[in-house]
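So this block is data29.cif, mmCIF, C-alpha atoms:
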```
data_upload
#
loop_
_atom_site.label_atom_id
_atom_site.label_comp_id
_atom_site.auth_asym_id
_atom_site.auth_seq_id
_atom_site.Cartn_x
_atom_site.Cartn_y
_atom_site.Cartn_z
CA MET A 1 10.13 13.86 -15.78
CA SER A 2 7.94 14.90 -12.87
CA SER A 3 9.06 14.71 -9.26
CA VAL A 4 7.63 15.23 -5.78
CA SER A 5 9.53 16.73 -2.86
CA VAL A 6 8.39 17.78 0.60
CA LEU A 7 9.38 20.86 2.61
CA GLU A 8 8.54 20.91 6.32
CA TYR A 9 8.44 23.82 8.74
CA GLY A 10 7.14 24.38 12.23
CA GLU A 11 5.22 27.36 13.54
CA PRO A 12 4.62 28.21 17.21
CA TYR A 13 1.04 27.44 18.24
CA ILE A 14 0.18 27.68 21.94
CA ARG A 15 2.35 27.36 25.05
CA GLY A 16 5.45 26.36 23.24
CA GLU A 17 3.66 23.84 21.03
CA THR A 18 4.50 23.82 17.36
CA ILE A 19 2.34 22.97 14.41
CA THR A 20 4.13 21.29 11.56
CA TYR A 21 3.25 22.36 8.07
CA LYS A 22 4.38 20.51 5.01
CA ILE A 23 4.56 21.81 1.50
CA ILE A 24 4.60 19.25 -1.26
CA VAL A 25 6.34 20.66 -4.31
CA ILE A 26 5.56 18.89 -7.55
CA SER A 27 7.56 19.38 -10.65
CA THR A 28 4.68 18.35 -12.89
CA SER A 29 4.83 16.48 -16.17
CA GLU A 30 3.44 19.58 -17.87
CA THR A 31 6.09 21.54 -19.76
CA ARG A 32 5.95 25.12 -20.89
CA ALA A 33 8.18 27.65 -22.61
CA PHE A 34 9.67 30.13 -20.12
CA ARG A 35 11.46 33.38 -20.87
CA GLY A 36 15.11 33.22 -19.83
CA LEU A 37 16.42 35.69 -17.25
CA SER A 38 19.87 36.06 -18.73
CA THR A 39 20.61 37.62 -22.06
CA SER A 40 22.25 34.47 -23.35
CA ILE A 41 19.02 32.40 -23.09
CA ASP A 42 15.89 33.79 -24.68
CA THR A 43 13.44 31.06 -23.81
CA PHE A 44 13.67 27.53 -22.48
CA ILE A 45 11.31 24.61 -22.03
CA GLY A 46 10.80 23.57 -18.41
CA ASN A 47 8.43 21.67 -16.15
CA VAL A 48 5.62 23.56 -14.44
CA PHE A 49 5.87 23.54 -10.65
CA THR A 50 2.90 23.41 -8.31
CA SER A 51 2.75 23.23 -4.53
CA ILE A 52 0.32 21.77 -2.04
CA GLU A 53 0.30 22.97 1.54
CA ILE A 54 -0.47 20.25 4.07
CA SER A 55 -2.00 22.27 6.87
CA PRO A 56 -3.93 20.72 9.77
CA PHE A 57 -6.76 23.18 9.13
CA ALA A 58 -7.30 22.46 5.43
CA THR A 59 -10.52 20.77 4.33
CA LEU A 60 -10.90 17.88 1.91
CA LYS A 61 -12.35 20.38 -0.56
CA THR A 62 -9.08 22.33 -0.48
CA PHE A 63 -7.12 19.26 -1.55
CA LEU A 64 -9.63 18.39 -4.27
CA GLY A 65 -9.04 21.92 -5.58
CA TYR A 66 -5.23 21.58 -5.47
CA LEU A 67 -5.39 18.40 -7.54
CA ALA A 68 -7.95 19.54 -10.11
CA SER A 69 -5.36 20.49 -12.72
CA LEU A 70 -2.78 17.73 -12.16
CA SER A 71 -2.23 15.09 -14.83
CA GLY A 72 -2.71 11.36 -14.25
CA LYS A 73 1.07 10.91 -14.21
CA ASP A 74 1.52 13.49 -11.45
CA LEU A 75 -1.32 11.97 -9.43
CA THR A 76 0.33 8.55 -9.70
CA ARG A 77 3.57 10.04 -8.42
CA LEU A 78 1.71 11.61 -5.49
CA LEU A 79 0.02 8.30 -4.72
CA LEU A 80 3.49 6.81 -4.28
CA ARG A 81 3.75 8.84 -1.06
CA TYR A 82 1.23 6.39 0.40
CA ALA A 83 1.77 3.18 -1.56
CA ASP A 84 4.83 1.28 -2.74
CA GLU A 85 5.33 0.26 -6.38
CA ASN A 86 3.72 -3.12 -5.77
CA THR A 87 0.57 -1.66 -4.23
CA LEU A 88 0.40 1.08 -6.84
CA SER A 89 0.59 -1.38 -9.70
CA LEU A 90 -2.23 -3.47 -8.18
CA PHE A 91 -4.29 -0.32 -7.72
CA MET A 92 -3.75 0.78 -11.31
CA LYS A 93 -4.77 -2.66 -12.56
CA ILE A 94 -8.11 -2.56 -10.71
CA LYS A 95 -8.74 1.18 -10.38
CA PRO A 96 -11.50 0.69 -7.82
CA VAL A 97 -11.89 4.42 -7.21
CA ASP A 98 -11.01 7.70 -8.92
CA ILE A 99 -7.30 8.32 -8.33
CA ARG A 100 -7.73 12.12 -8.00
CA LYS A 101 -10.31 11.73 -5.26
CA LEU A 102 -8.22 9.09 -3.51
CA VAL A 103 -5.05 11.21 -3.49
CA ALA A 104 -7.04 14.21 -2.19
CA LEU A 105 -8.47 12.03 0.57
CA LEU A 106 -5.02 10.71 1.54
CA LEU A 107 -3.57 14.24 1.61
CA TRP A 108 -6.44 15.43 3.79
CA ILE A 109 -6.09 12.45 6.16
CA GLU A 110 -2.34 13.08 6.36
CA SER A 111 -2.94 16.70 7.29
CA ARG A 112 -5.83 16.10 9.70
CA TYR A 113 -4.46 13.01 11.49
CA ASP A 114 -0.74 13.72 11.30
CA VAL A 115 -0.35 12.58 14.91
CA TYR A 116 -1.16 8.96 13.90
CA GLY A 117 1.59 8.75 11.29
CA LYS A 118 1.47 9.08 7.53
CA PRO A 119 -1.48 7.09 6.11
CA LEU A 120 -0.60 4.06 4.00
CA LEU A 121 -2.67 2.51 1.24
CA ASP A 122 -3.31 -1.19 0.87
CA LEU A 123 -5.69 -3.40 -1.11
CA VAL A 124 -7.73 -6.23 0.36
CA PHE A 125 -8.44 -9.37 -1.67
CA ASP A 126 -10.50 -12.30 -0.49
CA PRO A 127 -8.19 -15.33 -0.15
CA GLU A 128 -10.86 -17.77 -1.39
CA THR A 129 -12.13 -15.96 -4.44
CA ASN A 130 -9.14 -13.65 -5.10
CA GLU A 131 -11.73 -10.97 -5.66
CA PHE A 132 -10.81 -7.40 -4.73
CA GLN A 133 -12.80 -6.32 -1.66
CA PHE A 134 -11.88 -2.77 -0.62
CA LEU A 135 -9.03 -0.31 -0.10
CA ASN A 136 -7.50 0.04 3.32
CA ILE A 137 -6.20 3.41 4.45
CA VAL A 138 -3.99 2.49 7.38
CA LEU A 139 -3.08 4.90 10.17
CA PRO A 140 -0.02 3.19 11.64
CA GLU A 141 0.19 4.86 15.06
CA CYS A 142 -3.50 4.87 15.93
CA ASP A 143 -4.99 2.59 18.59
CA TRP A 144 -8.46 1.27 19.42
CA GLY A 145 -9.69 4.30 21.43
CA PRO A 146 -10.14 6.94 18.71
CA TRP A 147 -10.76 4.51 15.82
CA ARG A 148 -14.58 4.82 15.61
CA LYS A 149 -14.48 8.60 15.94
CA ILE A 150 -11.89 8.89 13.18
CA VAL A 151 -13.95 6.66 10.85
CA LYS A 152 -17.06 8.80 11.40
CA GLU A 153 -15.17 12.07 10.84
CA ILE A 154 -13.51 10.85 7.66
CA LYS A 155 -16.62 9.30 6.14
CA ARG A 156 -18.71 12.39 6.95
CA GLU A 157 -16.11 14.66 5.35
CA MET A 158 -16.17 12.39 2.30
CA LYS A 159 -19.97 12.61 2.09
CA ARG A 160 -19.87 16.40 2.45
CA ASN A 161 -17.47 16.69 -0.48
CA GLY A 162 -19.05 14.50 -3.12
CA LEU A 163 -17.12 11.33 -2.29
CA GLU A 164 -20.19 9.47 -1.00
CA GLU A 165 -19.81 6.60 -3.46
CA MET A 166 -16.22 6.08 -2.34
CA THR A 167 -17.22 5.52 1.30
CA SER A 168 -18.20 1.94 0.45
CA LYS A 169 -14.85 1.21 -1.26
CA VAL A 170 -12.53 2.62 1.39
CA SER A 171 -11.94 1.31 4.86
CA ILE A 172 -10.11 3.24 7.58
CA VAL A 173 -7.82 1.09 9.73
CA CYS A 174 -6.13 2.03 12.97
CA LEU A 175 -3.36 -0.54 12.81
CA ARG A 176 -2.62 -0.68 16.53
CA GLY A 177 -6.33 -0.75 17.28
CA LEU A 178 -6.88 -3.72 15.00
CA LEU A 179 -4.18 -5.74 16.71
CA GLU A 180 -4.90 -4.49 20.24
CA PRO A 181 -7.71 -6.94 21.14
CA THR A 182 -5.33 -9.78 20.55
CA LEU A 183 -3.05 -8.84 23.44
CA MET B 100 -51.30 -11.10 5.32
CA SER B 101 -48.61 -12.92 3.36
CA SER B 102 -47.96 -16.60 4.10
CA ARG B 103 -44.52 -16.42 2.47
CA SER B 104 -41.70 -17.53 4.73
CA PHE B 105 -38.89 -15.05 5.07
CA ARG B 106 -35.33 -16.38 5.08
CA ALA B 107 -34.23 -13.56 7.36
CA ASP B 108 -36.51 -14.87 10.14
CA ALA B 109 -34.71 -18.21 10.10
CA LEU B 110 -31.22 -16.74 9.79
CA ARG B 111 -31.28 -13.97 12.37
CA PRO B 112 -28.16 -14.67 14.49
CA ASP B 113 -29.15 -13.16 17.88
CA TYR B 114 -29.43 -16.55 19.57
CA PHE B 115 -26.14 -17.75 18.11
CA ILE B 116 -24.25 -14.64 19.25
CA ASN B 117 -25.69 -15.06 22.78
CA LEU B 118 -24.68 -18.71 22.72
CA VAL B 119 -21.05 -17.81 21.91
CA GLU B 120 -21.06 -15.33 24.76
CA GLU B 121 -22.45 -17.95 27.14
CA LEU B 122 -19.80 -20.44 26.10
CA ILE B 123 -17.13 -17.90 27.03
CA SER B 124 -18.70 -16.98 30.38
CA ASN B 125 -19.12 -20.64 31.28
CA GLY B 126 -15.48 -21.38 30.50
CA LYS B 127 -16.37 -23.78 27.70
CA ILE B 128 -13.85 -22.39 25.20
CA ARG B 129 -10.82 -24.44 26.08
CA ASP B 130 -8.73 -24.56 22.95
CA GLU B 131 -7.72 -22.68 19.83
CA VAL B 132 -9.95 -24.78 17.59
CA CYS B 133 -13.04 -23.53 19.44
CA VAL B 134 -11.87 -19.90 19.15
CA ARG B 135 -11.14 -20.32 15.44
CA ARG B 136 -14.45 -21.98 14.57
CA LEU B 137 -16.55 -19.55 16.59
CA LEU B 138 -14.84 -16.48 15.13
CA SER B 139 -15.45 -17.76 11.64
CA ALA B 140 -19.04 -18.67 12.46
CA LEU B 141 -19.76 -15.20 13.85
CA TYR B 142 -18.67 -13.62 10.58
CA PHE B 143 -20.69 -16.05 8.46
CA SER B 144 -23.80 -15.79 10.62
CA LEU B 145 -23.88 -12.06 9.85
CA PHE B 146 -23.06 -12.57 6.18
CA ASN B 147 -25.93 -15.10 5.84
CA TYR B 148 -28.34 -12.83 7.68
CA TRP B 149 -27.43 -9.80 5.57
CA ALA B 150 -27.87 -11.85 2.37
CA SER B 151 -31.21 -13.24 3.54
CA ILE B 152 -32.61 -9.76 4.14
CA LYS B 153 -31.49 -8.73 0.67
CA TYR B 154 -33.07 -11.88 -0.80
CA ASP B 155 -36.34 -11.30 1.04
CA LYS B 156 -36.42 -7.82 -0.41
CA GLY B 157 -36.17 -9.20 -3.92
CA ALA B 158 -32.42 -9.07 -4.65
CA ARG B 159 -31.22 -11.97 -6.82
CA ARG B 160 -27.57 -12.81 -7.42
CA LYS B 161 -25.73 -16.01 -8.44
CA GLY B 162 -26.35 -19.77 -8.36
CA PRO B 163 -29.23 -21.93 -9.67
CA LYS B 164 -31.56 -20.27 -7.16
CA GLN B 165 -29.87 -16.88 -7.40
CA ASP B 166 -29.29 -16.97 -3.65
CA ARG B 167 -25.49 -16.74 -3.57
CA PHE B 168 -24.25 -13.29 -2.62
CA ASP B 169 -20.68 -11.93 -2.75
CA TYR B 170 -18.60 -10.88 0.23
CA LYS B 171 -17.70 -7.71 -1.62
CA GLU B 172 -21.28 -6.43 -1.65
CA PHE B 173 -21.61 -7.24 2.06
CA HIS B 174 -18.40 -5.37 2.85
CA GLU B 175 -19.44 -2.38 0.76
CA ASP B 176 -22.75 -2.11 2.61
CA LEU B 177 -20.95 -2.17 5.97
CA LEU B 178 -18.36 0.42 4.92
CA ARG B 179 -21.09 2.71 3.60
CA GLU B 180 -22.63 2.56 7.08
CA GLU B 181 -19.29 3.57 8.66
CA LEU B 182 -18.83 0.13 10.26
CA ASP B 183 -15.13 0.06 9.32
CA VAL B 184 -13.99 -0.92 12.83
CA GLU B 185 -16.38 -3.86 13.13
CA LEU B 186 -15.79 -5.09 9.57
CA ASN B 187 -12.01 -4.95 9.87
CA LEU B 188 -12.04 -6.79 13.16
CA LEU B 189 -14.37 -9.56 12.01
CA TYR B 190 -12.98 -9.96 8.49
CA THR B 191 -9.27 -9.81 9.38
CA TYR B 192 -9.64 -12.40 12.11
CA ARG B 193 -12.02 -14.50 10.03
CA VAL B 194 -9.41 -14.68 7.27
CA ALA B 195 -6.68 -15.45 9.81
CA VAL B 196 -8.56 -18.29 11.52
CA ASP B 197 -9.79 -19.90 8.31
CA HIS B 198 -6.68 -19.60 6.15
CA TYR B 199 -3.58 -19.22 8.33
CA ILE B 200 -2.16 -21.89 10.59
CA LEU B 201 0.39 -19.99 12.68
CA ASN B 202 -0.65 -18.16 15.83
CA PRO B 203 0.34 -15.35 15.95
CA THR B 204 0.42 -14.72 12.23
CA ILE B 205 0.50 -11.88 9.71
CA ILE B 206 -2.13 -11.88 7.00
CA GLN B 207 -1.43 -10.87 3.40
CA ILE B 208 -0.59 -7.19 3.11
CA TYR B 209 0.62 -5.77 -0.21
CA ASN B 210 2.16 -2.52 0.99
CA ARG B 211 5.63 -3.48 2.24
CA GLU B 212 5.84 -0.37 4.43
CA ILE B 213 2.92 -1.66 6.53
CA VAL B 214 4.57 -5.06 6.84
CA ARG B 215 7.82 -3.34 7.86
CA LEU B 216 6.03 -1.36 10.59
CA MET B 217 4.21 -4.44 11.86
CA THR B 218 7.40 -6.45 12.01
CA ARG B 219 9.29 -3.61 13.69
CA ASP B 220 6.63 -3.25 16.40
CA ARG B 221 5.95 -7.01 16.52
CA GLN B 222 2.33 -6.36 15.65
CA GLU B 223 0.75 -9.65 14.67
CA VAL B 224 -2.65 -11.26 14.68
CA HIS B 225 -2.99 -13.28 17.90
CA ILE B 226 -5.92 -15.67 17.88
CA GLY B 227 -7.36 -16.02 21.38
CA ILE B 228 -10.32 -15.51 23.67
CA ASN B 229 -9.90 -11.70 23.83
CA VAL B 230 -10.48 -11.42 20.10
CA LEU B 231 -13.57 -13.57 20.39
CA ARG B 232 -14.95 -11.19 23.04
CA LYS B 233 -14.28 -8.18 20.78
CA ALA B 234 -15.80 -10.05 17.84
CA ILE B 235 -19.05 -10.55 19.79
CA GLU B 236 -19.27 -6.79 20.42
CA ALA B 237 -18.58 -6.10 16.75
CA ALA B 238 -21.14 -8.70 15.65
CA ARG B 239 -23.84 -7.08 17.84
CA THR B 240 -23.11 -3.64 16.37
CA ILE B 241 -23.29 -4.98 12.83
CA LEU B 242 -26.47 -6.94 13.56
CA LYS B 243 -28.12 -3.81 14.93
CA GLN B 244 -27.44 -1.92 11.72
CA ILE B 245 -27.94 -4.66 9.14
CA SER B 246 -31.73 -4.43 9.07
CA SER B 247 -31.72 -0.73 8.45
CA LEU B 248 -28.79 -0.70 6.03
CA VAL B 249 -30.47 -2.97 3.50
CA LYS B 250 -33.74 -1.04 3.54
CA ASN B 251 -32.79 1.25 0.68
CA THR B 252 -30.13 -0.70 -1.16
CA CYS B 253 -31.77 -3.75 -2.73
#
```
Any chance you could put this one into C-alpha cells?
Amino acid sequence: MSSVSVLEYGEPYIRGETITYKIIVISTSETRAFRGLSTSIDTFIGNVFTSIEISPFATLKTFLGYLASLSGKDLTRLLLRYADENTLSLFMKIKPVDIRKLVALLLWIESRYDVYGKPLLDLVFDPETNEFQFLNIVLPECDWGPWRKIVKEIKREMKRNGLEEMTSKVSIVCLRGLLEPTL
Amino acid sequence: MSSRSFRADALRPDYFINLVEELISNGKIRDEVCVRRLLSALYFSLFNYWASIKYDKGARRKGPKQDRFDYKEFHEDLLREELDVELNLLYTYRVAVDHYILNPTIIQIYNREIVRLMTRDRQEVHIGINVLRKAIEAARTILKQISSLVKNTC
C-alpha cells in the first residue's frame, strides 16, 4: 500500500524571513527485495520510497522529472493532495489531461505560489449540457490584483515545458479575485 | 471581390457592449433582472461572435446547417490565449444568473475543500451592478483577442 507524507522545514532567507521547504515522501506501490540489516533477517520485501522537494525555486521541469518513474497508483495518491475523493473520481472518469503532467503542474504551482495557499483542483461542467468544460486550479488566498500576472506566468511555464496542449484544458482561478467584483 | 456575406460582420458585439455601458452610466439598470439578463447577453454575444468567425473561416459543427458550436471549444480557445480571468468572470456569473435563483449564491463546485473555504470566508457570488461593470471590461478584452485567436485554429 503506497502512502504520501509531508515534511516541512524553514530556512532563514533575508532579514529574518524564512523560506518554507516541503518534502513529500512517497512510499510507492513499487516493491523490492531489500537485504536485512540484522543477522536474523536476510532479505525482506518492502515498498520503494521516493521524495519530492517542494522548493520555491524549482521549475516545472524539475517536477516532471520527479514524477517520471512513479506509477499511476502513486500519481493518483499525489493528486489527492489537491482533490477530494469525489473530485478525483470525476477526474478519473473523464481523464481530460495526462495525470502525470497535471500532478507536476500542481506541485510546481504549490511551490511557486505557496503564499496564495495550496492549490485545489475542481472540474467545471456546463449546467445545460452536462458536458465537461475545463479543469479549475484554484488558488484560495489570491485576490484580483495578481490574477492576470499569475495566469500568464503559469501558462508560459506550461508552454516552455511541453504542456502547451494542456493550456486550453486548465484554468487558473484566484478565488478571492473571482468573488471580489461582487462586493 | 467576394459578394459573400460574413456572419461575423453582423454579429460583432462592439455596439452591444457600448450600449450596456451606456445603460449603466445613465442609471437605467434599476433591478436585478436587468443585471441578470445583460450579464448573460454579454457572454452570449461573445460566444456568437467567436462562432461566426469560425464559421466564416470554414469551420462546420452541429445542426442541420452545421452552425451550432459548443461552449467547450469556445472556452478552450480562450484558455489557450491566457484569458482565464475574463472567461472565469463571464462564465461563472453567466451560469449564476441563468441557473441560480438566490443572490448571493454558490455555484456547483465538486471539491468540498473549496466549498468549505468559501463558506468559512463567506465568499459567495453576489449578482449586482459591480459585476456587470467588470463583465464589460472582460468582454472588451475577449473581443479584442477573438479575431486573432481564431486565425490559426479553424
- Message: Running the PyMOL selection byres ((chain A) within 8 of (chain B)) on this model by hand, what would come out? Give it as a ChimeraX atom specification.
- Response: /A:83-84,86-87,120-124,127,131-134,140,147-148,151-152,155,167-173,176,178-179,181-183
- Message: Can you translate the PyMOL selection byres ((chain A and resi 105-113) around 8) into the concrete residues it hits in this file, as a PyMOL selection string?
- Response: chain A and resi 54-60+63+82+101-104+114-119+137+154+158
- Task: Give me the result of the PyMOL selection byres ((chain A and resi 97) around 10) on this file, residue by residue, as a PyMOL selection string.
- Result: chain A and resi 91-92+94-96+98-102+134-135+163+165-166+169-170
Produce the centre coordinates and the three edge lengths, each in Å to one decimal, of the box along x, y and z that contains all listed atoms of segment 146-162 of chain A with 8 Å added on each side, as AutoDock Vina command-line options.
```
--center_x -15.1 --center_y 10.6 --center_z 7.8 --size_x 25.8 --size_y 28.2 --size_z 37.8
```
- Separation of atom CA of Ala109 of chain B from atom CA of Tyr154 of chain B in Å: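 The value is 12.7 Å.
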- Using only C-alpha atoms, which of the listed residues (B:Ala195, B:Leu141, B:Ala158, B:Val214) sits closest to Asn117 of chain B?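 Checking each candidate against Asn117 of chain B, we get B:Leu141 as the closest.
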- Query: In Å, how far is it from atom CA of Cys142 of chain A to atom CA of Arg215 of chain B?
  - Reply: 16.1 Å
- Message: Here is a test: counting all atoms listed in the file, which residue of B:Ile205, B:Val196, B:Ala237, B:Leu110 is nearest to Phe146 of chain B?
- Response: B:Leu110
- Message: Under the rule that all atoms listed in the file are counted, which of A:Phe34, A:Ile45, A:Thr18, A:Lys61 is the nearest residue to Lys159 of chain A?
- Response: A:Lys61
- Task: Could you tell me which of A:Glu128, A:Phe49, A:Val4, A:Ile23 comes closest to Leu75 of chain A if we count only C-alpha atoms?
- Result: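 Looking at the shortest contact to Leu75 of chain A, the residue is A:Val4.
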- Message: So the first atom is atom CA of Ser246 of chain B and the second is atom CA of Lys156 of chain B; what is the distance between them in Å, to one decimal place?
- Response: 11.1 Å
